file final18.csv (CSV, C-alpha atoms)
chain,number,residue,atom,x,y,z
A,227,ALA,CA,142.1,116.4,-130.1
A,228,GLN,CA,139.8,114.6,-132.4
A,229,SER,CA,136.2,116.1,-132.7
A,230,VAL,CA,133.0,115.4,-134.6
A,231,THR,CA,130.5,117.9,-135.7
A,232,GLN,CA,126.9,117.0,-136.7
A,233,LEU,CA,125.2,119.9,-138.4
A,234,GLY,CA,121.6,120.2,-137.4
A,235,SER,CA,120.4,118.8,-134.1
A,236,HIS,CA,117.0,118.1,-135.6
A,237,VAL,CA,116.0,117.1,-139.1
A,238,SER,CA,112.5,116.7,-140.3
A,239,VAL,CA,111.5,114.9,-143.5
A,240,SER,CA,108.3,113.6,-145.0
A,241,GLU,CA,107.9,109.9,-145.6
A,242,GLY,CA,109.4,108.9,-148.9
A,243,ALA,CA,111.8,111.9,-148.9
A,244,LEU,CA,115.5,111.9,-149.0
A,245,VAL,CA,117.3,111.7,-145.7
A,246,LEU,CA,120.6,113.6,-145.3
A,247,LEU,CA,122.4,113.8,-142.0
A,248,ARG,CA,125.7,115.6,-141.9
A,249,CYS,CA,128.9,114.7,-140.1
A,250,ASN,CA,132.3,116.3,-140.3
A,251,TYR,CA,135.5,115.2,-138.4
A,252,SER,CA,138.5,117.3,-137.5
A,253,SER,CA,141.7,115.3,-137.8
A,254,SER,CA,144.1,115.5,-140.7
A,255,VAL,CA,144.6,111.8,-140.6
A,256,PRO,CA,141.3,110.2,-141.6
A,257,PRO,CA,139.9,108.3,-138.6
A,258,TYR,CA,137.6,105.3,-138.5
A,259,LEU,CA,134.1,106.6,-139.0
A,260,PHE,CA,130.8,105.2,-137.7
A,261,TRP,CA,127.1,106.0,-137.8
A,262,TYR,CA,125.0,104.6,-135.0
A,263,VAL,CA,121.2,104.9,-134.4
A,264,GLN,CA,119.5,105.1,-131.1
A,265,TYR,CA,115.8,104.4,-130.6
A,266,PRO,CA,114.1,105.6,-127.4
A,267,ASN,CA,115.1,103.8,-124.2
A,268,GLN,CA,117.6,101.6,-126.1
A,269,GLY,CA,121.3,101.4,-126.7
A,270,LEU,CA,123.1,102.2,-129.9
A,271,GLN,CA,123.0,100.1,-133.0
A,272,LEU,CA,125.6,100.3,-135.7
A,273,LEU,CA,124.3,101.4,-139.1
A,274,LEU,CA,127.6,101.4,-141.0
A,275,LYS,CA,131.3,102.1,-140.7
A,276,TYR,CA,134.2,103.3,-142.8
A,277,THR,CA,137.6,101.8,-142.2
A,278,SER,CA,139.5,102.7,-145.4
A,279,ALA,CA,138.1,100.5,-148.1
A,280,ALA,CA,135.5,101.8,-150.4
A,281,THR,CA,134.5,105.4,-149.8
A,282,LEU,CA,130.8,104.7,-150.4
A,283,VAL,CA,129.7,102.5,-147.5
A,284,LYS,CA,126.4,100.7,-147.5
A,285,GLY,CA,124.7,99.9,-144.2
A,286,ILE,CA,121.6,98.4,-142.8
A,287,ASN,CA,118.0,99.6,-143.4
A,288,GLY,CA,118.9,101.2,-146.7
A,289,PHE,CA,121.4,103.8,-145.3
A,290,GLU,CA,124.7,104.7,-146.9
A,291,ALA,CA,127.4,107.2,-146.3
A,292,GLU,CA,130.2,108.6,-148.4
A,293,PHE,CA,133.6,109.4,-147.0
A,294,LYS,CA,135.1,112.5,-148.6
A,295,LYS,CA,138.6,113.3,-147.4
A,296,SER,CA,138.8,116.7,-149.1
A,297,GLU,CA,135.7,117.8,-147.2
A,298,THR,CA,136.5,115.8,-144.0
A,299,SER,CA,132.9,114.6,-144.1
A,300,PHE,CA,131.0,111.4,-143.7
A,301,HIS,CA,127.4,112.3,-144.4
A,302,LEU,CA,124.6,109.7,-144.0
A,303,THR,CA,121.9,109.3,-146.6
A,304,LYS,CA,118.8,107.3,-147.3
A,305,PRO,CA,116.9,107.7,-150.6
A,306,SER,CA,113.4,107.3,-149.1
A,307,ALA,CA,112.5,107.8,-145.4
A,308,HIS,CA,110.2,105.5,-143.6
A,309,MET,CA,108.3,106.3,-140.4
A,310,SER,CA,110.4,103.7,-138.6
A,311,ASP,CA,113.6,105.7,-139.3
A,312,ALA,CA,112.5,108.3,-136.7
A,313,ALA,CA,115.3,108.1,-134.1
A,314,GLU,CA,118.5,109.8,-133.0
A,315,TYR,CA,121.6,109.3,-135.1
A,316,PHE,CA,125.1,109.6,-134.0
A,317,CYS,CA,128.3,110.0,-136.0
A,318,ALA,CA,131.4,108.8,-134.2
A,319,VAL,CA,135.1,108.5,-134.9
A,320,SER,CA,137.9,106.3,-133.6
A,321,ASP,CA,141.4,107.8,-133.8
A,322,ARG,CA,143.8,105.6,-135.7
A,323,GLU,CA,146.7,107.1,-133.8
A,324,GLN,CA,145.3,106.2,-130.4
A,325,ALA,CA,145.5,102.9,-128.7
A,326,GLY,CA,142.2,101.1,-128.0
A,327,THR,CA,138.8,101.5,-129.5
A,328,ALA,CA,137.4,104.6,-127.8
A,329,LEU,CA,134.7,106.4,-129.8
A,330,ILE,CA,134.3,110.1,-129.9
A,331,PHE,CA,130.7,111.0,-130.7
A,332,GLY,CA,129.0,113.9,-132.3
A,333,LYS,CA,126.1,115.6,-130.4
A,334,GLY,CA,123.5,113.6,-132.4
A,335,THR,CA,120.8,114.5,-134.9
A,336,THR,CA,117.1,113.6,-134.1
A,337,LEU,CA,115.3,112.6,-137.3
A,338,SER,CA,111.6,113.1,-137.4
A,339,VAL,CA,109.5,111.5,-140.2
A,340,SER,CA,106.0,112.8,-140.9
A,341,SER,CA,103.4,111.0,-143.0
B,191,LYS,CA,124.5,84.9,-129.7
B,192,ALA,CA,123.4,86.9,-126.7
B,193,GLY,CA,124.1,90.6,-126.9
B,194,VAL,CA,125.7,92.9,-124.3
B,195,THR,CA,123.8,92.9,-121.1
B,196,GLN,CA,123.8,95.6,-118.4
B,197,THR,CA,122.4,95.5,-114.9
B,198,PRO,CA,120.6,97.1,-113.3
B,199,ARG,CA,118.6,98.8,-116.0
B,200,TYR,CA,117.4,101.6,-113.7
B,201,LEU,CA,118.8,103.0,-110.5
B,202,ILE,CA,117.9,105.8,-108.1
B,203,LYS,CA,120.6,107.0,-105.6
B,204,THR,CA,121.0,110.1,-103.5
B,205,ARG,CA,123.9,112.5,-103.5
B,206,GLY,CA,127.0,111.2,-101.7
B,207,GLN,CA,126.2,107.6,-102.2
B,208,GLN,CA,128.2,105.3,-104.4
B,209,VAL,CA,127.0,103.0,-107.2
B,210,THR,CA,128.3,100.0,-109.1
B,211,LEU,CA,127.1,99.1,-112.6
B,212,SER,CA,127.7,95.8,-114.3
B,213,CYS,CA,128.3,94.9,-117.9
B,214,SER,CA,128.5,91.4,-119.5
B,215,PRO,CA,130.0,91.5,-123.0
B,216,ILE,CA,129.2,89.4,-126.0
B,217,SER,CA,130.8,86.0,-125.6
B,218,GLY,CA,134.4,86.1,-127.0
B,219,HIS,CA,134.7,89.8,-126.7
B,220,ARG,CA,137.6,91.0,-124.6
B,221,SER,CA,137.2,94.7,-124.8
B,222,VAL,CA,134.6,96.6,-122.8
B,223,SER,CA,134.1,100.3,-123.0
B,224,TRP,CA,131.9,102.6,-120.9
B,225,TYR,CA,130.2,105.8,-122.0
B,226,GLN,CA,128.1,108.4,-120.3
B,227,GLN,CA,125.1,109.9,-122.1
B,228,THR,CA,123.5,113.1,-120.9
B,229,PRO,CA,121.3,115.6,-122.7
B,230,GLY,CA,123.8,118.4,-122.2
B,231,GLN,CA,127.1,116.7,-122.9
B,232,GLY,CA,126.0,113.9,-125.2
B,233,LEU,CA,127.9,110.7,-125.4
B,234,GLN,CA,131.2,110.8,-123.6
B,235,PHE,CA,133.9,108.1,-123.4
B,236,LEU,CA,134.7,107.0,-119.8
B,237,PHE,CA,137.2,104.2,-120.1
B,238,GLU,CA,138.1,101.0,-122.0
B,239,TYR,CA,139.2,97.7,-120.5
B,240,PHE,CA,140.9,94.9,-122.4
B,241,SER,CA,142.1,91.7,-120.8
B,242,GLU,CA,141.6,93.1,-117.3
B,243,THR,CA,143.7,96.2,-117.9
B,244,GLN,CA,142.5,99.7,-118.5
B,245,ARG,CA,143.6,100.6,-122.0
B,246,ASN,CA,142.2,104.0,-122.4
B,247,LYS,CA,140.6,106.6,-120.3
B,248,GLY,CA,138.4,109.7,-120.9
B,249,ASN,CA,138.4,113.0,-119.2
B,250,PHE,CA,136.4,112.1,-116.0
B,251,PRO,CA,137.2,112.7,-112.4
B,252,GLY,CA,138.7,109.9,-110.3
B,253,ARG,CA,135.3,109.2,-108.7
B,254,PHE,CA,134.6,107.2,-111.8
B,255,SER,CA,136.5,103.9,-111.8
B,256,GLY,CA,136.1,100.5,-113.4
B,257,ARG,CA,137.5,97.1,-113.5
B,258,GLN,CA,137.3,94.0,-115.7
B,259,PHE,CA,137.3,90.4,-114.6
B,260,SER,CA,138.9,87.4,-116.2
B,261,ASN,CA,135.7,86.4,-117.9
B,262,SER,CA,135.6,89.9,-119.5
B,263,ARG,CA,132.7,91.1,-117.5
B,264,SER,CA,133.2,94.7,-116.3
B,265,GLU,CA,132.0,96.9,-113.5
B,266,MET,CA,131.9,100.6,-113.3
B,267,ASN,CA,131.8,102.4,-109.9
B,268,VAL,CA,131.0,106.0,-109.2
B,269,SER,CA,131.7,107.2,-105.7
B,270,THR,CA,130.3,110.3,-103.9
B,271,LEU,CA,127.5,110.7,-106.4
B,272,GLU,CA,126.6,114.2,-107.6
B,273,LEU,CA,123.4,115.4,-109.2
B,274,GLY,CA,125.3,115.8,-112.5
B,275,ASP,CA,126.1,112.1,-112.6
B,276,SER,CA,122.5,111.4,-113.5
B,277,ALA,CA,122.8,109.9,-117.0
B,278,LEU,CA,122.4,106.8,-119.1
B,279,TYR,CA,125.5,104.7,-118.8
B,280,LEU,CA,126.2,102.6,-121.8
B,281,CYS,CA,128.6,99.7,-122.1
B,282,ALA,CA,130.0,98.4,-125.4
B,283,SER,CA,132.0,95.4,-126.2
B,284,SER,CA,134.3,94.4,-129.1
B,285,LEU,CA,136.8,91.7,-129.9
B,286,GLY,CA,139.5,94.2,-128.9
B,287,ARG,CA,142.0,92.9,-131.5
B,288,ALA,CA,142.2,95.9,-133.9
B,289,GLN,CA,141.2,99.5,-134.2
B,290,GLY,CA,138.1,100.2,-136.2
B,291,GLU,CA,136.3,97.2,-134.8
B,292,THR,CA,132.6,97.5,-134.4
B,293,GLN,CA,131.5,98.1,-130.8
B,294,TYR,CA,128.2,96.5,-129.7
B,295,PHE,CA,126.3,98.5,-127.2
B,296,GLY,CA,124.1,97.3,-124.4
B,297,PRO,CA,120.7,98.9,-123.5
B,298,GLY,CA,122.3,101.0,-120.8
B,299,THR,CA,121.7,101.7,-117.1
B,300,ARG,CA,119.8,104.8,-116.3
B,301,LEU,CA,121.0,106.4,-113.1
B,302,LEU,CA,119.1,109.1,-111.4
B,303,VAL,CA,120.8,110.9,-108.5
B,304,LEU,CA,118.5,112.8,-106.1

call {"tool": "encode", "arguments": {"input": "final18.csv", "output": "C-alpha coordinates"}}
result
Amino acid sequence: AQSVTQLGSHVSVSEGALVLLRCNYSSSVPPYLFWYVQYPNQGLQLLLKYTSAATLVKGINGFEAEFKKSETSFHLTKPSAHMSDAAEYFCAVSDREQAGTALIFGKGTTLSVSS
Amino acid sequence: KAGVTQTPRYLIKTRGQQVTLSCSPISGHRSVSWYQQTPGQGLQFLFEYFSETQRNKGNFPGRFSGRQFSNSRSEMNVSTLELGDSALYLCASSLGRAQGETQYFGPGTRLLVL
(Lines of atoms letter the chains of each structure in order from A and count residues from 1; the text may use other names and numbers.)
(Lines give C-alpha, C1' and ligand atoms only; values in the text may rest on other atoms or scores of the structure.)
Protein backbone atom coordinates (compact mmCIF):
# COMPACT_ATOMS: atom_id res chain seq x y z
CA ALA A 1 0.00 0.00 0.00
CA GLN A 2 1.08 3.51 -0.74
CA SER A 3 2.57 5.49 2.15
CA VAL A 4 4.09 8.90 2.75
CA THR A 5 6.78 9.78 5.25
CA GLN A 6 7.45 13.30 6.43
CA LEU A 7 10.74 13.48 8.30
CA GLY A 8 10.53 15.81 11.26
CA SER A 9 7.23 16.51 12.93
CA HIS A 10 8.47 19.95 13.90
CA VAL A 11 10.84 22.31 12.08
CA SER A 12 11.95 25.65 13.47
CA VAL A 13 13.62 28.36 11.41
CA SER A 14 14.43 32.03 11.78
CA GLU A 15 12.74 34.62 9.63
CA GLY A 16 14.67 34.92 6.38
CA ALA A 17 16.19 31.45 6.63
CA LEU A 18 15.74 28.59 4.20
CA VAL A 19 12.76 26.34 4.75
CA LEU A 20 13.16 22.65 3.93
CA LEU A 21 10.38 20.18 4.66
CA ARG A 22 11.01 16.58 3.71
CA CYS A 23 8.66 14.09 2.09
CA ASN A 24 9.27 10.58 0.81
CA TYR A 25 6.78 8.25 -0.85
CA SER A 26 6.84 4.49 -1.01
CA SER A 27 5.57 3.25 -4.35
CA SER A 28 7.68 2.11 -7.30
CA VAL A 29 5.29 3.84 -9.67
CA PRO A 30 5.58 7.59 -9.03
CA PRO A 31 2.26 8.83 -7.72
CA TYR A 32 0.74 12.25 -8.02
CA LEU A 33 2.30 14.34 -5.25
CA PHE A 34 0.89 17.30 -3.37
CA TRP A 35 1.85 19.71 -0.65
CA TYR A 36 -0.92 21.28 1.42
CA VAL A 37 -0.75 23.85 4.22
CA GLN A 38 -3.12 24.12 7.16
CA TYR A 39 -3.44 27.20 9.33
CA PRO A 40 -5.04 26.89 12.79
CA ASN A 41 -8.76 26.15 12.70
CA GLN A 42 -8.83 26.07 8.92
CA GLY A 43 -9.00 23.50 6.15
CA LEU A 44 -6.17 22.57 3.83
CA GLN A 45 -4.86 24.82 1.10
CA LEU A 46 -2.92 23.48 -1.88
CA LEU A 47 0.62 24.85 -2.17
CA LEU A 48 1.69 22.88 -5.24
CA LYS A 49 1.42 19.54 -6.99
CA TYR A 50 3.42 17.24 -9.24
CA THR A 51 1.60 15.29 -11.91
CA SER A 52 4.44 14.29 -14.28
CA ALA A 53 5.48 17.41 -16.09
CA ALA A 54 8.47 19.41 -14.86
CA THR A 55 10.25 17.88 -11.89
CA LEU A 56 10.69 21.30 -10.26
CA VAL A 57 7.29 22.56 -9.31
CA LYS A 58 6.60 26.13 -8.26
CA GLY A 59 3.70 26.88 -5.98
CA ILE A 60 2.09 29.73 -4.15
CA ASN A 61 3.72 32.00 -1.56
CA GLY A 62 7.24 31.36 -2.90
CA PHE A 63 7.28 27.63 -2.21
CA GLU A 64 8.66 25.05 -4.60
CA ALA A 65 9.31 21.32 -4.58
CA GLU A 66 11.51 19.01 -6.58
CA PHE A 67 10.44 15.53 -7.59
CA LYS A 68 13.34 13.07 -7.45
CA LYS A 69 12.39 9.61 -8.62
CA SER A 70 15.70 8.04 -7.68
CA GLU A 71 15.22 9.17 -4.09
CA THR A 72 11.40 8.77 -4.06
CA SER A 73 11.28 12.26 -2.60
CA PHE A 74 9.31 15.46 -3.03
CA HIS A 75 10.84 17.93 -0.59
CA LEU A 76 9.31 21.39 -0.13
CA THR A 77 11.53 24.47 0.02
CA LYS A 78 11.28 28.21 0.36
CA PRO A 79 14.38 30.40 0.14
CA SER A 80 13.37 32.89 2.82
CA ALA A 81 10.88 32.17 5.60
CA HIS A 82 8.28 34.71 6.68
CA MET A 83 6.45 34.79 9.97
CA SER A 84 3.24 34.13 8.07
CA ASP A 85 4.60 30.75 6.92
CA ALA A 86 4.13 29.31 10.41
CA ALA A 87 1.59 26.52 9.92
CA GLU A 88 1.29 22.77 9.50
CA TYR A 89 2.38 21.30 6.19
CA PHE A 90 1.20 18.03 4.73
CA CYS A 91 2.64 15.99 1.92
CA ALA A 92 0.11 13.78 0.13
CA VAL A 93 0.04 11.27 -2.68
CA SER A 94 -2.63 9.99 -5.01
CA ASP A 95 -2.05 6.54 -6.42
CA ARG A 96 -2.07 6.47 -10.24
CA GLU A 97 -3.15 2.84 -10.19
CA GLN A 98 -6.20 3.36 -8.02
CA ALA A 99 -9.56 4.65 -9.16
CA GLY A 100 -10.69 7.94 -7.81
CA THR A 101 -8.83 10.81 -6.23
CA ALA A 102 -8.19 9.60 -2.67
CA LEU A 103 -5.24 11.28 -1.00
CA ILE A 104 -2.87 9.55 1.39
CA PHE A 105 -1.29 12.05 3.74
CA GLY A 106 1.90 12.15 5.70
CA LYS A 107 1.75 12.89 9.42
CA GLY A 108 2.49 16.54 8.85
CA THR A 109 5.29 18.93 9.79
CA THR A 110 4.68 21.95 11.98
CA LEU A 111 6.78 24.90 10.85
CA SER A 112 7.67 27.53 13.42
CA VAL A 113 9.24 30.82 12.35
CA SER A 114 10.98 33.04 14.88
CA SER A 115 11.93 36.67 14.48
CA LYS B 1 -16.70 31.28 -6.96
CA ALA B 2 -17.74 30.05 -3.55
CA GLY B 3 -15.50 27.51 -1.87
CA VAL B 4 -16.37 24.23 -0.22
CA THR B 5 -18.74 24.74 2.68
CA GLN B 6 -19.34 22.41 5.59
CA THR B 7 -22.05 22.48 8.20
CA PRO B 8 -22.13 22.55 11.09
CA ARG B 9 -18.68 23.87 11.98
CA TYR B 10 -18.78 22.53 15.53
CA LEU B 11 -20.72 19.71 17.09
CA ILE B 12 -20.88 18.10 20.52
CA LYS B 13 -22.43 14.65 20.88
CA THR B 14 -22.45 11.90 23.48
CA ARG B 15 -21.37 8.31 23.07
CA GLY B 16 -23.93 6.13 21.33
CA GLN B 17 -25.56 8.96 19.43
CA GLN B 18 -25.36 9.40 15.70
CA VAL B 19 -24.35 12.45 13.71
CA THR B 20 -24.75 13.75 10.16
CA LEU B 21 -22.33 16.20 8.60
CA SER B 22 -22.94 18.09 5.40
CA CYS B 23 -20.68 19.25 2.61
CA SER B 24 -21.47 21.49 -0.35
CA PRO B 25 -18.80 21.30 -3.07
CA ILE B 26 -17.59 24.02 -5.37
CA SER B 27 -20.07 24.62 -8.17
CA GLY B 28 -19.38 22.23 -11.05
CA HIS B 29 -17.42 19.75 -8.94
CA ARG B 30 -18.82 16.24 -8.99
CA SER B 31 -16.40 14.48 -6.68
CA VAL B 32 -16.58 14.82 -2.91
CA SER B 33 -14.15 13.14 -0.55
CA TRP B 34 -14.21 12.96 3.22
CA TYR B 35 -11.24 12.82 5.57
CA GLN B 36 -10.87 12.43 9.32
CA GLN B 37 -8.13 14.37 11.08
CA THR B 38 -7.00 13.46 14.60
CA PRO B 39 -3.81 14.28 16.52
CA GLY B 40 -2.93 10.61 16.80
CA GLN B 41 -3.76 9.22 13.38
CA GLY B 42 -3.38 12.37 11.29
CA LEU B 43 -5.39 12.77 8.11
CA GLN B 44 -7.15 9.63 6.96
CA PHE B 45 -9.29 9.09 3.88
CA LEU B 46 -12.85 7.98 4.61
CA PHE B 47 -14.56 7.75 1.23
CA GLU B 48 -15.11 9.46 -2.11
CA TYR B 49 -18.35 9.98 -3.95
CA PHE B 50 -18.70 10.78 -7.62
CA SER B 51 -22.02 11.20 -9.40
CA GLU B 52 -23.91 9.82 -6.41
CA THR B 53 -21.81 6.63 -6.29
CA GLN B 54 -19.12 5.69 -3.82
CA ARG B 55 -15.97 5.41 -5.88
CA ASN B 56 -13.44 4.66 -3.19
CA LYS B 57 -13.45 3.78 0.47
CA GLY B 58 -10.86 3.96 3.21
CA ASN B 59 -10.34 1.60 6.09
CA PHE B 60 -13.06 2.67 8.50
CA PRO B 61 -15.79 0.63 10.19
CA GLY B 62 -19.27 0.44 8.77
CA ARG B 63 -20.48 2.98 11.33
CA PHE B 64 -19.12 5.56 8.94
CA SER B 65 -21.27 6.02 5.88
CA GLY B 66 -21.97 8.66 3.32
CA ARG B 67 -24.06 9.60 0.38
CA GLN B 68 -24.13 12.11 -2.40
CA PHE B 69 -27.11 13.85 -3.89
CA SER B 70 -27.84 14.74 -7.49
CA ASN B 71 -26.62 18.31 -6.88
CA SER B 72 -23.27 16.84 -5.70
CA ARG B 73 -23.84 17.84 -2.09
CA SER B 74 -22.70 15.12 0.25
CA GLU B 75 -23.50 13.97 3.74
CA MET B 76 -21.51 11.82 6.08
CA ASN B 77 -23.11 9.86 8.89
CA VAL B 78 -21.51 8.27 11.91
CA SER B 79 -23.67 5.97 13.97
CA THR B 80 -23.12 4.78 17.53
CA LEU B 81 -20.52 7.40 18.26
CA GLU B 82 -17.40 6.48 20.21
CA LEU B 83 -15.02 8.76 22.08
CA GLY B 84 -12.39 8.05 19.43
CA ASP B 85 -14.59 9.58 16.76
CA SER B 86 -13.76 13.02 18.12
CA ALA B 87 -11.97 14.66 15.23
CA LEU B 88 -11.97 17.31 12.57
CA TYR B 89 -13.88 16.01 9.56
CA LEU B 90 -12.80 17.57 6.31
CA CYS B 91 -14.58 17.47 3.02
CA ALA B 92 -12.86 18.09 -0.30
CA SER B 93 -14.25 18.55 -3.78
CA SER B 94 -12.81 18.23 -7.27
CA LEU B 95 -14.07 17.99 -10.81
CA GLY B 96 -13.71 14.23 -10.62
CA ARG B 97 -12.66 13.80 -14.24
CA ALA B 98 -9.07 12.69 -13.83
CA GLN B 99 -6.58 11.46 -11.31
CA GLY B 100 -4.18 14.02 -9.99
CA GLU B 101 -6.82 16.73 -9.88
CA THR B 102 -6.56 19.32 -7.18
CA GLN B 103 -8.90 18.73 -4.27
CA TYR B 104 -10.27 21.83 -2.60
CA PHE B 105 -10.91 21.49 1.10
CA GLY B 106 -13.61 22.97 3.27
CA PRO B 107 -12.97 24.41 6.73
CA GLY B 108 -14.07 21.21 8.42
CA THR B 109 -16.55 20.16 11.08
CA ARG B 110 -15.07 19.69 14.52
CA LEU B 111 -16.86 16.88 16.33
CA LEU B 112 -16.45 16.30 20.04
CA VAL B 113 -17.85 13.09 21.50
CA LEU B 114 -18.38 13.08 25.27

call {"tool": "residues_around", "arguments": {"input": "final18.csv", "residues": "stretch 227-243 of chain B", "least_positions_apart": "3", "cutoff": "10 Å", "atoms": "only C-alpha atoms", "output": "count of residues only"}}
result
51

call {"tool": "closest_residue", "arguments": {"input": "final18.csv", "among": "B:Val303, B:Val194, B:Thr270, B:Arg245", "to": "chain A", "atoms": "all atoms listed in the file"}}
result
B:Arg245

call {"tool": "residues_around", "arguments": {"input": "final18.csv", "residues": "A:Val255", "least_positions_apart": "3", "cutoff": "12 Å", "atoms": "only C-alpha atoms", "output": "PyMOL selection string"}}
result
chain A and resi 227-228+251-252+258-259+278+295-296+298+319-324

call {"tool": "residues_near_point", "arguments": {"input": "final18.csv", "point": "(120.4, 100.5, -125.7)", "cutoff": "7 Å", "atoms": "all atoms listed in the file", "output": "list in words"}}
result
Asn267, Gln268, Gly269 and Leu270 of chain A; Phe295, Gly296, Pro297 and Gly298 of chain B

call {"tool": "atom_distance", "arguments": {"input": "final18.csv", "atom1": "atom CA of A:Ser306", "atom2": "atom CA of A:Val245"}}
result
6.8 Å

call {"tool": "closest_residue", "arguments": {"input": "final18.csv", "among": "A:Ala325, A:Leu247, A:Val263, A:Val230", "to": "A:Pro305", "atoms": "only C-alpha atoms"}}
result
A:Leu247

call {"tool": "atom_distance", "arguments": {"input": "final18.csv", "atom1": "atom CA of B:Leu211", "atom2": "atom CA of B:Leu304"}}
result
17.4 Å

call {"tool": "closest_residue", "arguments": {"input": "final18.csv", "among": "A:Lys284, A:His301, A:Ser341, A:Met309", "to": "A:Asn250", "atoms": "only C-alpha atoms"}}
result
A:His301

call {"tool": "residues_around", "arguments": {"input": "final18.csv", "residues": "A:Leu302", "least_positions_apart": "4", "cutoff": "8 Å", "atoms": "all atoms listed in the file", "output": "number ranges by chain"}}
result
A: 245-249, 261, 289-292

call {"tool": "build_atoms", "arguments": {"input": "final18.csv", "residues": "stretch 230-251 of chain A", "atoms": "N, CA, C and O atoms", "output": "PDB file, in the coordinates of the input"}}
result
ATOM      1  N   VAL A 230     134.047 115.687-133.585  1.00  0.00           N
ATOM      2  CA  VAL A 230     133.000 115.400-134.600  1.00  0.00           C
ATOM      3  C   VAL A 230     131.937 116.403-134.521  1.00  0.00           C
ATOM      4  O   VAL A 230     131.462 116.712-133.433  1.00  0.00           O
ATOM      5  N   THR A 231     131.533 116.913-135.666  1.00  0.00           N
ATOM      6  CA  THR A 231     130.500 117.900-135.700  1.00  0.00           C
ATOM      7  C   THR A 231     129.315 117.357-136.544  1.00  0.00           C
ATOM      8  O   THR A 231     129.497 116.954-137.690  1.00  0.00           O
ATOM      9  N   GLN A 232     128.146 117.343-135.947  1.00  0.00           N
ATOM     10  CA  GLN A 232     126.900 117.000-136.700  1.00  0.00           C
ATOM     11  C   GLN A 232     126.110 118.254-136.850  1.00  0.00           C
ATOM     12  O   GLN A 232     125.659 118.842-135.869  1.00  0.00           O
ATOM     13  N   LEU A 233     125.949 118.669-138.096  1.00  0.00           N
ATOM     14  CA  LEU A 233     125.200 119.900-138.400  1.00  0.00           C
ATOM     15  C   LEU A 233     123.719 119.611-138.339  1.00  0.00           C
ATOM     16  O   LEU A 233     123.222 118.738-139.050  1.00  0.00           O
ATOM     17  N   GLY A 234     123.026 120.360-137.492  1.00  0.00           N
ATOM     18  CA  GLY A 234     121.600 120.200-137.400  1.00  0.00           C
ATOM     19  C   GLY A 234     121.273 119.183-136.253  1.00  0.00           C
ATOM     20  O   GLY A 234     121.480 117.986-136.403  1.00  0.00           O
ATOM     21  N   SER A 235     120.769 119.681-135.158  1.00  0.00           N
ATOM     22  CA  SER A 235     120.400 118.800-134.100  1.00  0.00           C
ATOM     23  C   SER A 235     119.080 118.106-134.324  1.00  0.00           C
ATOM     24  O   SER A 235     118.771 117.087-133.706  1.00  0.00           O
ATOM     25  N   HIS A 236     118.310 118.692-135.248  1.00  0.00           N
ATOM     26  CA  HIS A 236     117.000 118.100-135.600  1.00  0.00           C
ATOM     27  C   HIS A 236     116.742 118.256-137.054  1.00  0.00           C
ATOM     28  O   HIS A 236     116.864 119.342-137.612  1.00  0.00           O
ATOM     29  N   VAL A 237     116.385 117.145-137.681  1.00  0.00           N
ATOM     30  CA  VAL A 237     116.000 117.100-139.100  1.00  0.00           C
ATOM     31  C   VAL A 237     114.660 116.520-139.260  1.00  0.00           C
ATOM     32  O   VAL A 237     114.381 115.456-138.685  1.00  0.00           O
ATOM     33  N   SER A 238     113.812 117.197-140.017  1.00  0.00           N
ATOM     34  CA  SER A 238     112.500 116.700-140.300  1.00  0.00           C
ATOM     35  C   SER A 238     112.268 116.445-141.746  1.00  0.00           C
ATOM     36  O   SER A 238     112.598 117.317-142.559  1.00  0.00           O
ATOM     37  N   VAL A 239     111.736 115.280-142.078  1.00  0.00           N
ATOM     38  CA  VAL A 239     111.500 114.900-143.500  1.00  0.00           C
ATOM     39  C   VAL A 239     110.086 114.296-143.567  1.00  0.00           C
ATOM     40  O   VAL A 239     109.538 113.832-142.560  1.00  0.00           O
ATOM     41  N   SER A 240     109.558 114.269-144.771  1.00  0.00           N
ATOM     42  CA  SER A 240     108.300 113.600-145.000  1.00  0.00           C
ATOM     43  C   SER A 240     108.631 112.121-145.405  1.00  0.00           C
ATOM     44  O   SER A 240     109.709 111.824-145.931  1.00  0.00           O
ATOM     45  N   GLU A 241     107.694 111.250-145.163  1.00  0.00           N
ATOM     46  CA  GLU A 241     107.900 109.900-145.600  1.00  0.00           C
ATOM     47  C   GLU A 241     108.100 109.788-147.054  1.00  0.00           C
ATOM     48  O   GLU A 241     107.391 110.449-147.832  1.00  0.00           O
ATOM     49  N   GLY A 242     109.118 109.049-147.470  1.00  0.00           N
ATOM     50  CA  GLY A 242     109.400 108.900-148.900  1.00  0.00           C
ATOM     51  C   GLY A 242     110.483 109.939-149.357  1.00  0.00           C
ATOM     52  O   GLY A 242     111.028 109.813-150.459  1.00  0.00           O
ATOM     53  N   ALA A 243     110.778 110.921-148.555  1.00  0.00           N
ATOM     54  CA  ALA A 243     111.800 111.900-148.900  1.00  0.00           C
ATOM     55  C   ALA A 243     113.183 111.478-148.629  1.00  0.00           C
ATOM     56  O   ALA A 243     113.400 110.546-147.849  1.00  0.00           O
ATOM     57  N   LEU A 244     114.122 112.183-149.234  1.00  0.00           N
ATOM     58  CA  LEU A 244     115.500 111.900-149.000  1.00  0.00           C
ATOM     59  C   LEU A 244     115.935 112.290-147.580  1.00  0.00           C
ATOM     60  O   LEU A 244     115.547 113.349-147.080  1.00  0.00           O
ATOM     61  N   VAL A 245     116.736 111.424-146.965  1.00  0.00           N
ATOM     62  CA  VAL A 245     117.300 111.700-145.700  1.00  0.00           C
ATOM     63  C   VAL A 245     118.766 112.068-145.847  1.00  0.00           C
ATOM     64  O   VAL A 245     119.504 111.317-146.496  1.00  0.00           O
ATOM     65  N   LEU A 246     119.190 113.200-145.287  1.00  0.00           N
ATOM     66  CA  LEU A 246     120.600 113.600-145.300  1.00  0.00           C
ATOM     67  C   LEU A 246     120.983 114.091-143.944  1.00  0.00           C
ATOM     68  O   LEU A 246     120.470 115.098-143.468  1.00  0.00           O
ATOM     69  N   LEU A 247     121.884 113.377-143.293  1.00  0.00           N
ATOM     70  CA  LEU A 247     122.400 113.800-142.000  1.00  0.00           C
ATOM     71  C   LEU A 247     123.874 114.032-142.129  1.00  0.00           C
ATOM     72  O   LEU A 247     124.612 113.191-142.633  1.00  0.00           O
ATOM     73  N   ARG A 248     124.310 115.193-141.648  1.00  0.00           N
ATOM     74  CA  ARG A 248     125.700 115.600-141.900  1.00  0.00           C
ATOM     75  C   ARG A 248     126.639 115.362-140.761  1.00  0.00           C
ATOM     76  O   ARG A 248     126.264 115.498-139.591  1.00  0.00           O
ATOM     77  N   CYS A 249     127.862 115.005-141.129  1.00  0.00           N
ATOM     78  CA  CYS A 249     128.900 114.700-140.100  1.00  0.00           C
ATOM     79  C   CYS A 249     130.240 115.169-140.696  1.00  0.00           C
ATOM     80  O   CYS A 249     130.599 114.800-141.818  1.00  0.00           O
ATOM     81  N   ASN A 250     130.968 115.940-139.901  1.00  0.00           N
ATOM     82  CA  ASN A 250     132.300 116.300-140.300  1.00  0.00           C
ATOM     83  C   ASN A 250     133.273 116.002-139.116  1.00  0.00           C
ATOM     84  O   ASN A 250     132.918 116.149-137.951  1.00  0.00           O
ATOM     85  N   TYR A 251     134.466 115.545-139.459  1.00  0.00           N
ATOM     86  CA  TYR A 251     135.500 115.200-138.400  1.00  0.00           C
ATOM     87  C   TYR A 251     136.605 116.234-138.552  1.00  0.00           C
ATOM     88  O   TYR A 251     136.711 116.973-139.533  1.00  0.00           O
TER      89      TYR A 251
END
